[in-house]
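**Student:** I have a structure I would like to understand better, so I am pasting it below and will then ask my questions one at a time.
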Amino acid sequence: IFFRGLFVEMWKVFALSILLFGHLGDGCTNIAVGRHATIDGSTMVAHTDDSGPQAMDLRLVRVPDMDHHHGARRHVYLNNGGYPRLVTHERGPGYKPVHGQHESMVLGSIPQVSHTYGYWDQDYGLLNSVGLGIAETTCGAKTAGWPSSTLGGHNMWSIRELSKVALERCETARCAIKLMGALAEEHGFYGDDVGPFGAPVYIGSSEALSISDRKGEAWVFHIMTGDQNRSAIWVAQRVPDDEVSVIPNGFVIRQINLKDPDNFLGSRNVISYARDRGWWDPKDGEFDFTAAYAPYPTPMPTPLYVGRRIWRVFDLLAPSQQLDPHLGWGPKHPTYPFSIKPDRKIDAHTIMSILRDYYEGTEF
């Protein structure tokens, strides 16, 4: 899935539908590109959406721009992992019930705004009518949360609905990050792949997005459930304008500086909660988000499942750096940087080629 600036020609829309279903390895590989790293000066985000063993709703749906009356509510739905992922009268003709379908379960609602932007939608929100683009990948975390529809669950927002409300209301990546973070903190975040209540699958309990806008910024966003299966913890880091970041089912944000809002954003509890739980001790040095919150010890084959894809993307873009393919990925010790500067400027075809890659020409 590719998003480049404001204007998206029809051939790119067709490319979206094709690239939704390819995958690099066996996971969702997410790439974010700064504006000065591209040939035409646009930001780009891309991801491959691997549905795993289950059936998938393959539709690419256009949700139209809408005006809403005063006092209207924006409902938050429990999205289905298969077909149909969503059934409602509220998001245009693509999701209206057909053939006797029942409307999707409502987990809650928030006040609606007077106007919402149109956007392209699949499992996750993709690209809106004012040039805001989003790509996704599921990650692991030390916390877990469940929707309020589950016995013992307390939370209203999944990454599916968060990404969509961001596209409905925001023009910039910063707006999207702050909105998603605030809503998740207030109403709770849950992971779509967290497993049953009481038996959490921590390796799939959190999410990461890359987000780009027509103003020329690209960001990486990590989010997880907060304390006691409620609220949320989140952080975001801006991708340097001349660099590329890759997030392949594992956290990549490390040191953060919330006093530098031009490059970092985060929830108020992002550092304090890790300290309170004993996941970070100030005596051990600077706070490291991934070291504090990614699951540890890391189950096999996660180190190579994540790390080998980071290496491959970076090595294809910057072979001059001669990165070691055997380092893998692990929470406690950084192996690869958050982002790298490519050896030459890239375009959408470069990213398409990377997402089609299967390590050809390597020992792997």
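Identifiers in the structure tokens: chain A, B, ... in order shown; residue index from 1 per chain; ligand index from 1 in order shown.
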May I have the residues within 12 Å of region 107-115 of chain A as number ranges by chain, using only C-alpha atoms and disregarding those fewer than 4 positions away in the same chain?
**Tutor:** A: 64-79, 90, 146-150, 153-158, 161, 165, 167-170, 183-184, 186-190
**Student:** If you run DSSP on this backbone, which residues of region 22-120 of chain A come out as strand (DSSP E), and could you give them as a PDB file with N, CA, C and O atoms, in the first residue's frame?
**Tutor:**
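The result, written out as part15.pdb:
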```
ATOM      1  N   ASN A  30       6.338  -2.926   7.271  1.00  0.00           N
ATOM      2  CA  ASN A  30       5.889  -1.546   7.221  1.00  0.00           C
ATOM      3  C   ASN A  30       7.101  -0.652   6.961  1.00  0.00           C
ATOM      4  O   ASN A  30       8.110  -0.747   7.656  1.00  0.00           O
ATOM      5  N   ILE A  31       7.000   0.215   5.964  1.00  0.00           N
ATOM      6  CA  ILE A  31       8.114   1.074   5.569  1.00  0.00           C
ATOM      7  C   ILE A  31       7.652   2.534   5.532  1.00  0.00           C
ATOM      8  O   ILE A  31       6.572   2.830   5.014  1.00  0.00           O
ATOM      9  N   ALA A  32       8.464   3.429   6.099  1.00  0.00           N
ATOM     10  CA  ALA A  32       8.175   4.863   6.077  1.00  0.00           C
ATOM     11  C   ALA A  32       9.369   5.600   5.482  1.00  0.00           C
ATOM     12  O   ALA A  32      10.516   5.344   5.866  1.00  0.00           O
ATOM     13  N   VAL A  33       9.093   6.543   4.572  1.00  0.00           N
ATOM     14  CA  VAL A  33      10.142   7.229   3.829  1.00  0.00           C
ATOM     15  C   VAL A  33       9.986   8.739   3.991  1.00  0.00           C
ATOM     16  O   VAL A  33       8.915   9.294   3.725  1.00  0.00           O
ATOM     17  N   MET A  44       6.428   8.775   1.778  1.00  0.00           N
ATOM     18  CA  MET A  44       5.762   7.534   1.412  1.00  0.00           C
ATOM     19  C   MET A  44       5.648   6.636   2.638  1.00  0.00           C
ATOM     20  O   MET A  44       6.564   6.606   3.475  1.00  0.00           O
ATOM     21  N   VAL A  45       4.534   5.919   2.754  1.00  0.00           N
ATOM     22  CA  VAL A  45       4.415   4.813   3.694  1.00  0.00           C
ATOM     23  C   VAL A  45       3.860   3.624   2.928  1.00  0.00           C
ATOM     24  O   VAL A  45       3.105   3.784   1.962  1.00  0.00           O
ATOM     25  N   ALA A  46       4.259   2.424   3.341  1.00  0.00           N
ATOM     26  CA  ALA A  46       3.831   1.212   2.647  1.00  0.00           C
ATOM     27  C   ALA A  46       3.782   0.058   3.629  1.00  0.00           C
ATOM     28  O   ALA A  46       4.546   0.028   4.603  1.00  0.00           O
ATOM     29  N   HIS A  47       2.865  -0.877   3.384  1.00  0.00           N
ATOM     30  CA  HIS A  47       2.919  -2.107   4.168  1.00  0.00           C
ATOM     31  C   HIS A  47       2.306  -3.263   3.410  1.00  0.00           C
ATOM     32  O   HIS A  47       1.475  -3.081   2.527  1.00  0.00           O
ATOM     33  N   VAL A  61     -12.391  -0.495   0.091  1.00  0.00           N
ATOM     34  CA  VAL A  61     -13.637   0.261   0.174  1.00  0.00           C
ATOM     35  C   VAL A  61     -13.349   1.755   0.267  1.00  0.00           C
ATOM     36  O   VAL A  61     -12.461   2.187   1.008  1.00  0.00           O
ATOM     37  N   ARG A  62     -14.114   2.532  -0.474  1.00  0.00           N
ATOM     38  CA  ARG A  62     -14.037   3.989  -0.385  1.00  0.00           C
ATOM     39  C   ARG A  62     -15.138   4.482   0.546  1.00  0.00           C
ATOM     40  O   ARG A  62     -16.328   4.305   0.273  1.00  0.00           O
ATOM     41  N   VAL A  63     -14.757   5.082   1.667  1.00  0.00           N
ATOM     42  CA  VAL A  63     -15.700   5.717   2.586  1.00  0.00           C
ATOM     43  C   VAL A  63     -15.788   7.191   2.199  1.00  0.00           C
ATOM     44  O   VAL A  63     -14.761   7.879   2.174  1.00  0.00           O
ATOM     45  N   MET A  66     -18.285  13.128   4.503  1.00  0.00           N
ATOM     46  CA  MET A  66     -19.632  13.220   5.067  1.00  0.00           C
ATOM     47  C   MET A  66     -19.763  14.462   5.937  1.00  0.00           C
ATOM     48  O   MET A  66     -18.806  14.898   6.580  1.00  0.00           O
ATOM     49  N   ASP A  67     -20.972  15.024   5.953  1.00  0.00           N
ATOM     50  CA  ASP A  67     -21.351  16.072   6.892  1.00  0.00           C
ATOM     51  C   ASP A  67     -22.287  15.464   7.930  1.00  0.00           C
ATOM     52  O   ASP A  67     -23.109  14.594   7.615  1.00  0.00           O
ATOM     53  N   ARG A  73     -23.274  11.128  16.981  1.00  0.00           N
ATOM     54  CA  ARG A  73     -22.268  10.318  17.634  1.00  0.00           C
ATOM     55  C   ARG A  73     -21.495   9.502  16.602  1.00  0.00           C
ATOM     56  O   ARG A  73     -22.044   9.058  15.599  1.00  0.00           O
ATOM     57  N   ARG A  74     -20.220   9.332  16.831  1.00  0.00           N
ATOM     58  CA  ARG A  74     -19.379   8.494  15.980  1.00  0.00           C
ATOM     59  C   ARG A  74     -19.238   7.143  16.683  1.00  0.00           C
ATOM     60  O   ARG A  74     -18.596   7.023  17.723  1.00  0.00           O
ATOM     61  N   HIS A  75     -19.862   6.094  16.140  1.00  0.00           N
ATOM     62  CA  HIS A  75     -19.829   4.787  16.767  1.00  0.00           C
ATOM     63  C   HIS A  75     -18.500   4.081  16.500  1.00  0.00           C
ATOM     64  O   HIS A  75     -17.901   4.234  15.433  1.00  0.00           O
ATOM     65  N   VAL A  76     -18.066   3.323  17.482  1.00  0.00           N
ATOM     66  CA  VAL A  76     -16.839   2.546  17.398  1.00  0.00           C
ATOM     67  C   VAL A  76     -17.235   1.072  17.368  1.00  0.00           C
ATOM     68  O   VAL A  76     -17.901   0.582  18.287  1.00  0.00           O
ATOM     69  N   TYR A  77     -16.815   0.369  16.320  1.00  0.00           N
ATOM     70  CA  TYR A  77     -17.286  -0.988  16.079  1.00  0.00           C
ATOM     71  C   TYR A  77     -16.237  -2.033  16.425  1.00  0.00           C
ATOM     72  O   TYR A  77     -15.030  -1.783  16.356  1.00  0.00           O
ATOM     73  N   VAL A 106     -21.461  -2.544  18.307  1.00  0.00           N
ATOM     74  CA  VAL A 106     -20.966  -1.236  18.717  1.00  0.00           C
ATOM     75  C   VAL A 106     -20.364  -1.349  20.115  1.00  0.00           C
ATOM     76  O   VAL A 106     -21.026  -1.806  21.056  1.00  0.00           O
ATOM     77  N   LEU A 107     -19.116  -0.940  20.253  1.00  0.00           N
ATOM     78  CA  LEU A 107     -18.443  -0.966  21.543  1.00  0.00           C
ATOM     79  C   LEU A 107     -18.619   0.331  22.320  1.00  0.00           C
ATOM     80  O   LEU A 107     -18.445   0.351  23.542  1.00  0.00           O
ATOM     81  N   GLY A 108     -18.946   1.397  21.637  1.00  0.00           N
ATOM     82  CA  GLY A 108     -19.104   2.688  22.286  1.00  0.00           C
ATOM     83  C   GLY A 108     -19.206   3.775  21.242  1.00  0.00           C
ATOM     84  O   GLY A 108     -19.321   3.508  20.042  1.00  0.00           O
ATOM     85  N   SER A 109     -19.149   5.022  21.681  1.00  0.00           N
ATOM     86  CA  SER A 109     -19.234   6.138  20.745  1.00  0.00           C
ATOM     87  C   SER A 109     -18.572   7.363  21.337  1.00  0.00           C
ATOM     88  O   SER A 109     -18.370   7.466  22.552  1.00  0.00           O
ATOM     89  N   ILE A 110     -18.224   8.305  20.454  1.00  0.00           N
ATOM     90  CA  ILE A 110     -17.688   9.600  20.853  1.00  0.00           C
ATOM     91  C   ILE A 110     -18.463  10.675  20.088  1.00  0.00           C
ATOM     92  O   ILE A 110     -19.111  10.382  19.084  1.00  0.00           O
ATOM     93  N   PRO A 111     -18.427  11.924  20.529  1.00  0.00           N
ATOM     94  CA  PRO A 111     -19.108  12.979  19.764  1.00  0.00           C
ATOM     95  C   PRO A 111     -18.561  13.069  18.349  1.00  0.00           C
ATOM     96  O   PRO A 111     -17.350  13.026  18.131  1.00  0.00           O
ATOM     97  N   HIS A 115     -17.743  17.569   9.985  1.00  0.00           N
ATOM     98  CA  HIS A 115     -17.370  17.055   8.665  1.00  0.00           C
ATOM     99  C   HIS A 115     -16.254  16.034   8.810  1.00  0.00           C
ATOM    100  O   HIS A 115     -15.311  16.237   9.587  1.00  0.00           O
ATOM    101  N   THR A 116     -16.356  14.927   8.090  1.00  0.00           N
ATOM    102  CA  THR A 116     -15.300  13.920   8.075  1.00  0.00           C
ATOM    103  C   THR A 116     -14.796  13.731   6.647  1.00  0.00           C
ATOM    104  O   THR A 116     -15.570  13.775   5.687  1.00  0.00           O
ATOM    105  N   TYR A 119     -12.054   8.468   2.707  1.00  0.00           N
ATOM    106  CA  TYR A 119     -10.797   7.720   2.748  1.00  0.00           C
ATOM    107  C   TYR A 119     -10.972   6.333   2.134  1.00  0.00           C
ATOM    108  O   TYR A 119     -12.072   5.807   2.023  1.00  0.00           O
ATOM    109  N   TRP A 120      -9.831   5.756   1.746  1.00  0.00           N
ATOM    110  CA  TRP A 120      -9.766   4.368   1.314  1.00  0.00           C
ATOM    111  C   TRP A 120      -9.532   3.495   2.538  1.00  0.00           C
ATOM    112  O   TRP A 120      -8.748   3.832   3.417  1.00  0.00           O
TER     113      TRP A 120
END
```
**Student:** Please provide the set of residues having any atom within 12 Å of region 257-270 of chain A, restricted to only C-alpha atoms, with same-chain residues fewer than 5 positions apart removed, written as an MDAnalysis selection string.
**Tutor:** chainID A and resid 173:186 217:227 231:241 275:277 279:280 286:290 292:293
**Student:** Looking at only C-alpha atoms, which of A:Ser104, A:Ile354, A:Leu323, A:Ala291 is the one that sits closest to Gly278 (chain A)?
**Tutor:** A:Ala291
**Student:** Measuring atom to atom with only C-alpha atoms, identify which of A:Ser163, A:Gly216, A:Leu317, A:Thr137 is nearest to Asp347 (chain A).
**Tutor:** A:Leu317
**Student:** Have a look at A:Arg35, A:Arg312, A:His102, A:Arg356 and name the one nearest to Val87 (chain A); count only C-alpha atoms.
**Tutor:**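 Ranked by minimum distance to Val87 (chain A), first place goes to A:His102.
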**Student:** Considering only helix (DSSP H, G or I) as DSSP defines it on the backbone, what residues of region 40-164 of chain A qualify? List them as a list in words.
**Tutor:**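 Taking region 40-164 of chain A and keeping helix (DSSP H, G or I) gives Pro93, Gly94, Tyr95, Ile159, Arg160, Glu161, Leu162, Ser163 and Lys164 of chain A.
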**Student:** Hey, can you spit out that residue selection with C-alpha atoms as a compact mmCIF listing (two decimals), in the first residue's frame?
**Tutor:**
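Dumped to out-v9.txt:
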```txt
# COMPACT_ATOMS: atom_id res chain seq x y z
CA PRO A 93 -22.52 2.20 0.53
CA GLY A 94 -19.51 -0.13 0.74
CA TYR A 95 -20.39 -1.26 4.26
CA ILE A 159 -5.93 -0.08 15.72
CA ARG A 160 -8.48 -0.67 12.95
CA GLU A 161 -10.91 1.90 14.31
CA LEU A 162 -8.18 4.27 15.50
CA SER A 163 -6.63 4.44 12.04
CA LYS A 164 -10.04 5.13 10.50
```
**Student:** Could you state the separation of CA of Pro303 (chain A) and CA of Pro248 (chain A) in Å, given to one decimal place?
**Tutor:**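 Separating CA of Pro303 (chain A) from CA of Pro248 (chain A) is a distance of 11.0 Å.
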**Student:** To one decimal place, how far is CA of His99 (chain A) from CA of Arg85 (chain A) in Å?
**Tutor:**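 CA of His99 (chain A) sits 15.0 Å away from CA of Arg85 (chain A).
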**Student:** Quick one: of A:Thr298, A:Ser339, A:Val313, A:Ala318, who's nearest to Met352 (chain A), counting only C-alpha atoms?
**Tutor:**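 Closest to Met352 (chain A) of all the choices is A:Val313.
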**Student:** Could you pull the residues within 12 Å of Pro342 (chain A), counting only C-alpha atoms, minus those fewer than 3 positions along the same chain, as a PyMOL selection string?
**Tutor:** chain A and resi 33-34+36-39+240-245+313-321+339+345-347+350-351
**Student:** In Å, with one decimal, what is the gap from CA of Gly152 (chain A) to CA of Val201 (chain A)?
**Tutor:**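 That distance, rounded to one decimal, is 15.6 Å.
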